[in-house]
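Asks: File follows, query.txt with compact mmCIF, N, CA and C atoms:
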```
# COMPACT_ATOMS: atom_id res chain seq x y z
N MET I 468 -16.62 4.68 -8.07
CA MET I 468 -15.29 4.31 -7.61
C MET I 468 -14.72 5.43 -6.75
N THR I 469 -13.92 5.03 -5.81
CA THR I 469 -13.25 5.98 -4.94
C THR I 469 -11.81 5.52 -4.71
N ASP I 470 -10.94 6.48 -4.45
CA ASP I 470 -9.53 6.16 -4.26
C ASP I 470 -9.09 6.42 -2.83
N ILE I 471 -8.16 5.62 -2.38
CA ILE I 471 -7.43 5.84 -1.15
C ILE I 471 -6.00 6.13 -1.58
N ILE I 472 -5.45 7.27 -1.17
CA ILE I 472 -4.08 7.62 -1.52
C ILE I 472 -3.34 7.95 -0.23
N ILE I 473 -2.24 7.24 0.00
CA ILE I 473 -1.44 7.43 1.21
C ILE I 473 0.02 7.53 0.81
N ARG I 474 0.71 8.50 1.37
CA ARG I 474 2.15 8.68 1.17
C ARG I 474 2.83 8.58 2.52
N ARG I 475 3.96 7.92 2.55
CA ARG I 475 4.68 7.74 3.82
C ARG I 475 6.17 7.83 3.56
N GLY I 476 6.85 8.69 4.29
CA GLY I 476 8.30 8.76 4.22
C GLY I 476 8.92 7.56 4.93
N HIS I 477 10.13 7.21 4.54
CA HIS I 477 10.84 6.12 5.22
C HIS I 477 12.34 6.43 5.20
N THR I 478 13.07 5.73 6.03
CA THR I 478 14.51 5.93 6.13
C THR I 478 15.29 4.68 5.72
N MET I 479 14.63 3.75 5.06
CA MET I 479 15.26 2.49 4.64
C MET I 479 16.02 2.66 3.34
N THR I 480 16.86 1.68 3.05
CA THR I 480 17.43 1.63 1.71
C THR I 480 16.30 1.24 0.76
N LEU I 481 16.49 1.50 -0.50
CA LEU I 481 15.48 1.15 -1.49
C LEU I 481 15.21 -0.36 -1.46
N ARG I 482 16.26 -1.14 -1.32
CA ARG I 482 16.11 -2.60 -1.28
C ARG I 482 15.27 -3.04 -0.08
N LYS I 483 15.55 -2.49 1.10
CA LYS I 483 14.79 -2.84 2.31
C LYS I 483 13.34 -2.37 2.19
N ALA I 484 13.12 -1.20 1.61
CA ALA I 484 11.76 -0.69 1.43
C ALA I 484 10.98 -1.60 0.48
N ARG I 485 11.64 -2.07 -0.55
CA ARG I 485 10.97 -2.97 -1.49
C ARG I 485 10.65 -4.31 -0.80
N GLU I 486 11.55 -4.79 0.04
CA GLU I 486 11.29 -6.02 0.79
C GLU I 486 10.08 -5.83 1.72
N ALA I 487 9.99 -4.66 2.35
CA ALA I 487 8.85 -4.37 3.21
C ALA I 487 7.55 -4.34 2.40
N ALA I 488 7.62 -3.75 1.21
CA ALA I 488 6.44 -3.70 0.33
C ALA I 488 6.04 -5.11 -0.10
N GLU I 489 7.02 -5.96 -0.36
CA GLU I 489 6.73 -7.35 -0.74
C GLU I 489 6.05 -8.08 0.42
N LYS I 490 6.47 -7.79 1.63
CA LYS I 490 5.85 -8.39 2.82
C LYS I 490 4.39 -7.96 2.92
N ILE I 491 4.13 -6.68 2.68
CA ILE I 491 2.75 -6.17 2.70
C ILE I 491 1.93 -6.86 1.62
N ALA I 492 2.49 -6.97 0.42
CA ALA I 492 1.77 -7.60 -0.69
C ALA I 492 1.43 -9.05 -0.37
N GLY I 493 2.37 -9.76 0.22
CA GLY I 493 2.12 -11.14 0.60
C GLY I 493 0.98 -11.26 1.60
N LYS I 494 0.97 -10.35 2.57
CA LYS I 494 -0.09 -10.33 3.57
C LYS I 494 -1.44 -10.02 2.93
N LEU I 495 -1.47 -9.05 2.01
CA LEU I 495 -2.71 -8.72 1.32
C LEU I 495 -3.20 -9.89 0.47
N ASP I 496 -2.28 -10.57 -0.18
CA ASP I 496 -2.64 -11.74 -0.98
C ASP I 496 -3.24 -12.82 -0.08
N GLU I 497 -2.60 -13.04 1.05
CA GLU I 497 -3.06 -14.06 2.00
C GLU I 497 -4.45 -13.73 2.56
N GLU I 498 -4.65 -12.47 2.95
CA GLU I 498 -5.90 -12.08 3.60
C GLU I 498 -7.04 -11.79 2.61
N PHE I 499 -6.70 -11.20 1.46
CA PHE I 499 -7.75 -10.72 0.56
C PHE I 499 -7.69 -11.32 -0.84
N ASP I 500 -6.80 -12.28 -1.06
CA ASP I 500 -6.67 -12.95 -2.35
C ASP I 500 -6.41 -11.96 -3.49
N LEU I 501 -5.48 -11.03 -3.25
CA LEU I 501 -5.10 -10.06 -4.27
C LEU I 501 -3.99 -10.62 -5.15
N ALA I 502 -4.15 -10.51 -6.44
CA ALA I 502 -3.06 -10.86 -7.35
C ALA I 502 -2.16 -9.64 -7.47
N TYR I 503 -0.85 -9.87 -7.48
CA TYR I 503 0.06 -8.72 -7.60
C TYR I 503 1.29 -9.09 -8.42
N GLU I 504 1.90 -8.04 -8.98
CA GLU I 504 3.15 -8.22 -9.72
C GLU I 504 3.95 -6.92 -9.66
N TRP I 505 5.26 -7.08 -9.77
CA TRP I 505 6.18 -5.94 -9.75
C TRP I 505 6.48 -5.48 -11.17
N SER I 506 6.62 -4.18 -11.34
CA SER I 506 7.13 -3.56 -12.55
C SER I 506 8.12 -2.51 -12.06
N ASP I 507 9.41 -2.84 -12.12
CA ASP I 507 10.47 -1.99 -11.55
C ASP I 507 10.20 -1.83 -10.06
N ASN I 508 9.98 -0.63 -9.56
CA ASN I 508 9.70 -0.42 -8.14
C ASN I 508 8.23 -0.10 -7.88
N GLU I 509 7.38 -0.56 -8.78
CA GLU I 509 5.93 -0.40 -8.61
C GLU I 509 5.30 -1.77 -8.48
N LEU I 510 4.53 -1.94 -7.43
CA LEU I 510 3.81 -3.17 -7.21
C LEU I 510 2.35 -2.91 -7.59
N HIS I 511 1.85 -3.63 -8.57
CA HIS I 511 0.47 -3.49 -9.03
C HIS I 511 -0.34 -4.65 -8.47
N PHE I 512 -1.53 -4.35 -7.95
CA PHE I 512 -2.37 -5.40 -7.38
C PHE I 512 -3.81 -5.24 -7.86
N LYS I 513 -4.53 -6.38 -7.80
CA LYS I 513 -5.88 -6.37 -8.35
C LYS I 513 -6.67 -7.56 -7.84
N ARG I 514 -7.94 -7.36 -7.68
CA ARG I 514 -8.93 -8.40 -7.46
C ARG I 514 -10.28 -7.78 -7.77
N THR I 515 -11.31 -8.54 -7.79
CA THR I 515 -12.62 -8.00 -8.10
C THR I 515 -12.96 -6.88 -7.13
N GLY I 516 -13.23 -5.70 -7.65
CA GLY I 516 -13.63 -4.56 -6.85
C GLY I 516 -12.50 -3.72 -6.28
N VAL I 517 -11.25 -4.14 -6.48
CA VAL I 517 -10.10 -3.41 -5.93
C VAL I 517 -8.95 -3.47 -6.92
N SER I 518 -8.28 -2.34 -7.12
CA SER I 518 -7.04 -2.32 -7.90
C SER I 518 -6.18 -1.19 -7.36
N GLY I 519 -4.90 -1.23 -7.69
CA GLY I 519 -4.04 -0.14 -7.25
C GLY I 519 -2.58 -0.44 -7.45
N GLN I 520 -1.76 0.47 -6.94
CA GLN I 520 -0.32 0.28 -7.01
C GLN I 520 0.35 0.87 -5.78
N LEU I 521 1.46 0.25 -5.44
CA LEU I 521 2.32 0.71 -4.35
C LEU I 521 3.65 1.04 -5.00
N VAL I 522 4.06 2.30 -4.89
CA VAL I 522 5.30 2.76 -5.50
C VAL I 522 6.34 2.95 -4.39
N VAL I 523 7.47 2.29 -4.56
CA VAL I 523 8.55 2.35 -3.58
C VAL I 523 9.62 3.29 -4.11
N GLY I 524 9.85 4.38 -3.39
CA GLY I 524 10.89 5.33 -3.75
C GLY I 524 12.02 5.29 -2.74
N LYS I 525 13.05 6.08 -2.99
CA LYS I 525 14.22 6.10 -2.11
C LYS I 525 13.90 6.63 -0.72
N LYS I 526 12.95 7.55 -0.62
CA LYS I 526 12.62 8.16 0.67
C LYS I 526 11.14 8.13 1.00
N GLU I 527 10.34 7.54 0.12
CA GLU I 527 8.89 7.58 0.30
C GLU I 527 8.23 6.38 -0.36
N VAL I 528 7.12 5.94 0.23
CA VAL I 528 6.26 4.96 -0.41
C VAL I 528 4.90 5.61 -0.59
N ARG I 529 4.27 5.26 -1.70
CA ARG I 529 2.93 5.78 -2.01
C ARG I 529 2.05 4.61 -2.41
N ILE I 530 0.83 4.64 -1.94
CA ILE I 530 -0.13 3.63 -2.35
C ILE I 530 -1.38 4.33 -2.84
N ARG I 531 -1.92 3.80 -3.90
CA ARG I 531 -3.19 4.27 -4.43
C ARG I 531 -4.06 3.04 -4.61
N VAL I 532 -5.20 3.04 -3.94
CA VAL I 532 -6.13 1.92 -4.00
C VAL I 532 -7.44 2.44 -4.57
N ARG I 533 -7.91 1.81 -5.61
CA ARG I 533 -9.20 2.17 -6.21
C ARG I 533 -10.22 1.12 -5.80
N LEU I 534 -11.25 1.59 -5.09
CA LEU I 534 -12.29 0.69 -4.61
C LEU I 534 -13.51 0.78 -5.50
N GLY I 535 -14.07 -0.37 -5.82
CA GLY I 535 -15.31 -0.43 -6.56
C GLY I 535 -16.49 -0.08 -5.65
N PHE I 536 -17.63 0.09 -6.25
CA PHE I 536 -18.83 0.52 -5.55
C PHE I 536 -19.17 -0.36 -4.35
N LEU I 537 -19.06 -1.66 -4.51
CA LEU I 537 -19.46 -2.57 -3.43
C LEU I 537 -18.56 -2.50 -2.20
N LEU I 538 -17.37 -1.94 -2.34
CA LEU I 538 -16.45 -1.84 -1.20
C LEU I 538 -16.39 -0.44 -0.58
N LEU I 539 -17.19 0.47 -1.07
CA LEU I 539 -17.15 1.85 -0.56
C LEU I 539 -17.41 1.91 0.94
N ALA I 540 -18.30 1.09 1.45
CA ALA I 540 -18.62 1.10 2.87
C ALA I 540 -17.43 0.64 3.72
N LEU I 541 -16.51 -0.11 3.13
CA LEU I 541 -15.35 -0.61 3.85
C LEU I 541 -14.14 0.32 3.76
N LYS I 542 -14.28 1.45 3.09
CA LYS I 542 -13.14 2.35 2.88
C LYS I 542 -12.43 2.72 4.19
N PRO I 543 -13.14 3.14 5.25
CA PRO I 543 -12.43 3.50 6.48
C PRO I 543 -11.62 2.33 7.06
N ARG I 544 -12.17 1.14 7.03
CA ARG I 544 -11.46 -0.03 7.56
C ARG I 544 -10.24 -0.35 6.71
N ILE I 545 -10.39 -0.31 5.40
CA ILE I 545 -9.28 -0.60 4.49
C ILE I 545 -8.17 0.43 4.68
N GLU I 546 -8.56 1.70 4.77
CA GLU I 546 -7.56 2.76 4.96
C GLU I 546 -6.82 2.59 6.29
N ALA I 547 -7.54 2.23 7.34
CA ALA I 547 -6.92 1.99 8.65
C ALA I 547 -5.94 0.82 8.58
N GLU I 548 -6.30 -0.23 7.86
CA GLU I 548 -5.41 -1.39 7.71
C GLU I 548 -4.14 -1.02 6.94
N ILE I 549 -4.28 -0.19 5.93
CA ILE I 549 -3.10 0.25 5.16
C ILE I 549 -2.15 1.03 6.08
N HIS I 550 -2.71 1.94 6.87
CA HIS I 550 -1.87 2.70 7.81
C HIS I 550 -1.18 1.75 8.80
N ARG I 551 -1.90 0.74 9.27
CA ARG I 551 -1.31 -0.22 10.21
C ARG I 551 -0.18 -0.99 9.55
N TYR I 552 -0.40 -1.47 8.31
CA TYR I 552 0.66 -2.17 7.57
C TYR I 552 1.87 -1.27 7.37
N PHE I 553 1.63 -0.01 7.01
CA PHE I 553 2.73 0.92 6.82
C PHE I 553 3.49 1.16 8.13
N ASP I 554 2.74 1.34 9.24
CA ASP I 554 3.39 1.52 10.54
C ASP I 554 4.29 0.33 10.87
N GLU I 555 3.77 -0.88 10.66
CA GLU I 555 4.52 -2.10 10.99
C GLU I 555 5.74 -2.29 10.10
N ASN I 556 5.66 -1.90 8.85
CA ASN I 556 6.71 -2.22 7.89
C ASN I 556 7.63 -1.06 7.52
N PHE I 557 7.15 0.18 7.66
CA PHE I 557 7.96 1.34 7.29
C PHE I 557 8.20 2.28 8.46
N GLY I 558 7.59 2.02 9.59
CA GLY I 558 7.71 2.90 10.75
C GLY I 558 6.53 3.84 10.83
N PRO I 559 6.33 4.46 12.01
CA PRO I 559 5.18 5.34 12.19
C PRO I 559 5.27 6.58 11.31
N ASP I 560 4.11 7.11 10.99
CA ASP I 560 4.02 8.33 10.18
C ASP I 560 4.54 9.49 11.00
N SER I 561 5.48 10.22 10.43
CA SER I 561 6.05 11.36 11.14
C SER I 561 5.32 12.66 10.82
N GLY I 562 4.23 12.58 10.07
CA GLY I 562 3.46 13.76 9.74
C GLY I 562 3.98 14.40 8.46
N PRO I 563 3.32 15.46 8.02
CA PRO I 563 3.72 16.12 6.78
C PRO I 563 5.08 16.81 6.91
N GLU I 564 5.81 16.82 5.79
CA GLU I 564 7.09 17.52 5.78
C GLU I 564 6.84 19.02 5.76
N VAL I 565 7.69 19.77 6.46
CA VAL I 565 7.52 21.23 6.53
C VAL I 565 8.48 21.88 5.58
```
Once more with this new file: its structure as structure tokens, please.

Replies:
Amino acid sequence: MTDIIIRRGHTMTLRKAREAAEKIAGKLDEEFDLAYEWSDNELHFKRTGVSGQLVVGKKEVRIRVRLGFLLLALKPRIEAEIHRYFDENFGPDSGPEV
């Protein structure tokens, strides 16, 4: 198993950030048949070979995706798609905080 961990700052209200996360979850469900559910401000998702959570905070979103062995070869593509979804829904990455 391998993990993909991405953190992204945002300037949205918590409510708007959660709505953006819900939009991402819906897209993932549509494209990859992922089951998901909310627990407070954490979105947990799962399907065969993939599990993880998206945590929505006041100033940051974090995603952790655990890939099973059969999906290891797709890690770069999956990671690129996550960055694209984050860019579209939370704005471009401004780089690390100094």

Asks: Report as a PyMOL selection string: the residues of chain I with a DSSP assignment of helix (DSSP H, G or I), based on the backbone of this structure.

Replies: chain I and resi 481-499+536-557

Asks: Just to confirm, what's the straight-line distance from atom CA of Glu527 of chain I to atom CA of Arg482 of chain I in Å (one decimal)?

Replies: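 Atom CA of Arg482 of chain I lies 12.6 Å from atom CA of Glu527 of chain I.
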
Asks: Can you measure atom CA of Leu521 of chain I to atom CA of Glu504 of chain I for me? One decimal in Å is fine.

Replies: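 These atoms are spaced 10.5 Å apart.
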
Asks: Running DSSP on the backbone, which parts of chain I land in strand (DSSP E), as a PyMOL selection string?

Replies: chain I and resi 469-476+502-506+509-514+517-523+527-534

Asks: For each of I:Gly476, I:Leu537, I:Glu497, I:Tyr503, take the minimum atom-to-atom distance to Gly516 of chain I, counting all atoms listed in the file, then give the residue where this is smallest.

Replies: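 Between I:Gly476, I:Leu537, I:Glu497, I:Tyr503, the residue approaching Gly516 of chain I most closely is I:Leu537.
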
Asks: Within 6.5 Å of His477 of chain I, counting all atoms listed in the file, which residues show up once you throw out same-chain ones fewer than 6 positions away? Write them as number ranges by chain, please.

Replies: I: 525-528, 557

Asks: Give me, please, the distance in Å between atom N of Gln520 of chain I and atom CA of Ala547 of chain I, quoted to one decimal.

Replies: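 Taking atom N of Gln520 of chain I as the start and atom CA of Ala547 of chain I as the end point, the length is 16.5 Å.
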
Asks: Need the shell around Asn556 of chain I: protein/DNA/RNA residues with any atom at most 9 Å away, counting only C-alpha atoms. Skip same-chain ones fewer than 5 positions apart. Format as a list in words?

Replies: Ala484, Ala487, Ala488, Lys490, Ile491 and Arg551 of chain I

Asks: Could you check the closest approach to Val532 of chain I for each of I:Gly519, I:Asp560, I:Tyr552, I:Leu501 and tell me which residue wins, using only N, CA and C atoms?

Replies: I:Gly519

Asks: Thr515 of chain I: which residues within 12 Å, counting only C-alpha atoms, same-chain residues fewer than 5 positions away excluded, as a list of chain:residue names?

Replies: I:Phe499, I:Asp500, I:Leu501, I:Ala502, I:Arg533, I:Leu534, I:Gly535, I:Phe536, I:Leu537, I:Leu538
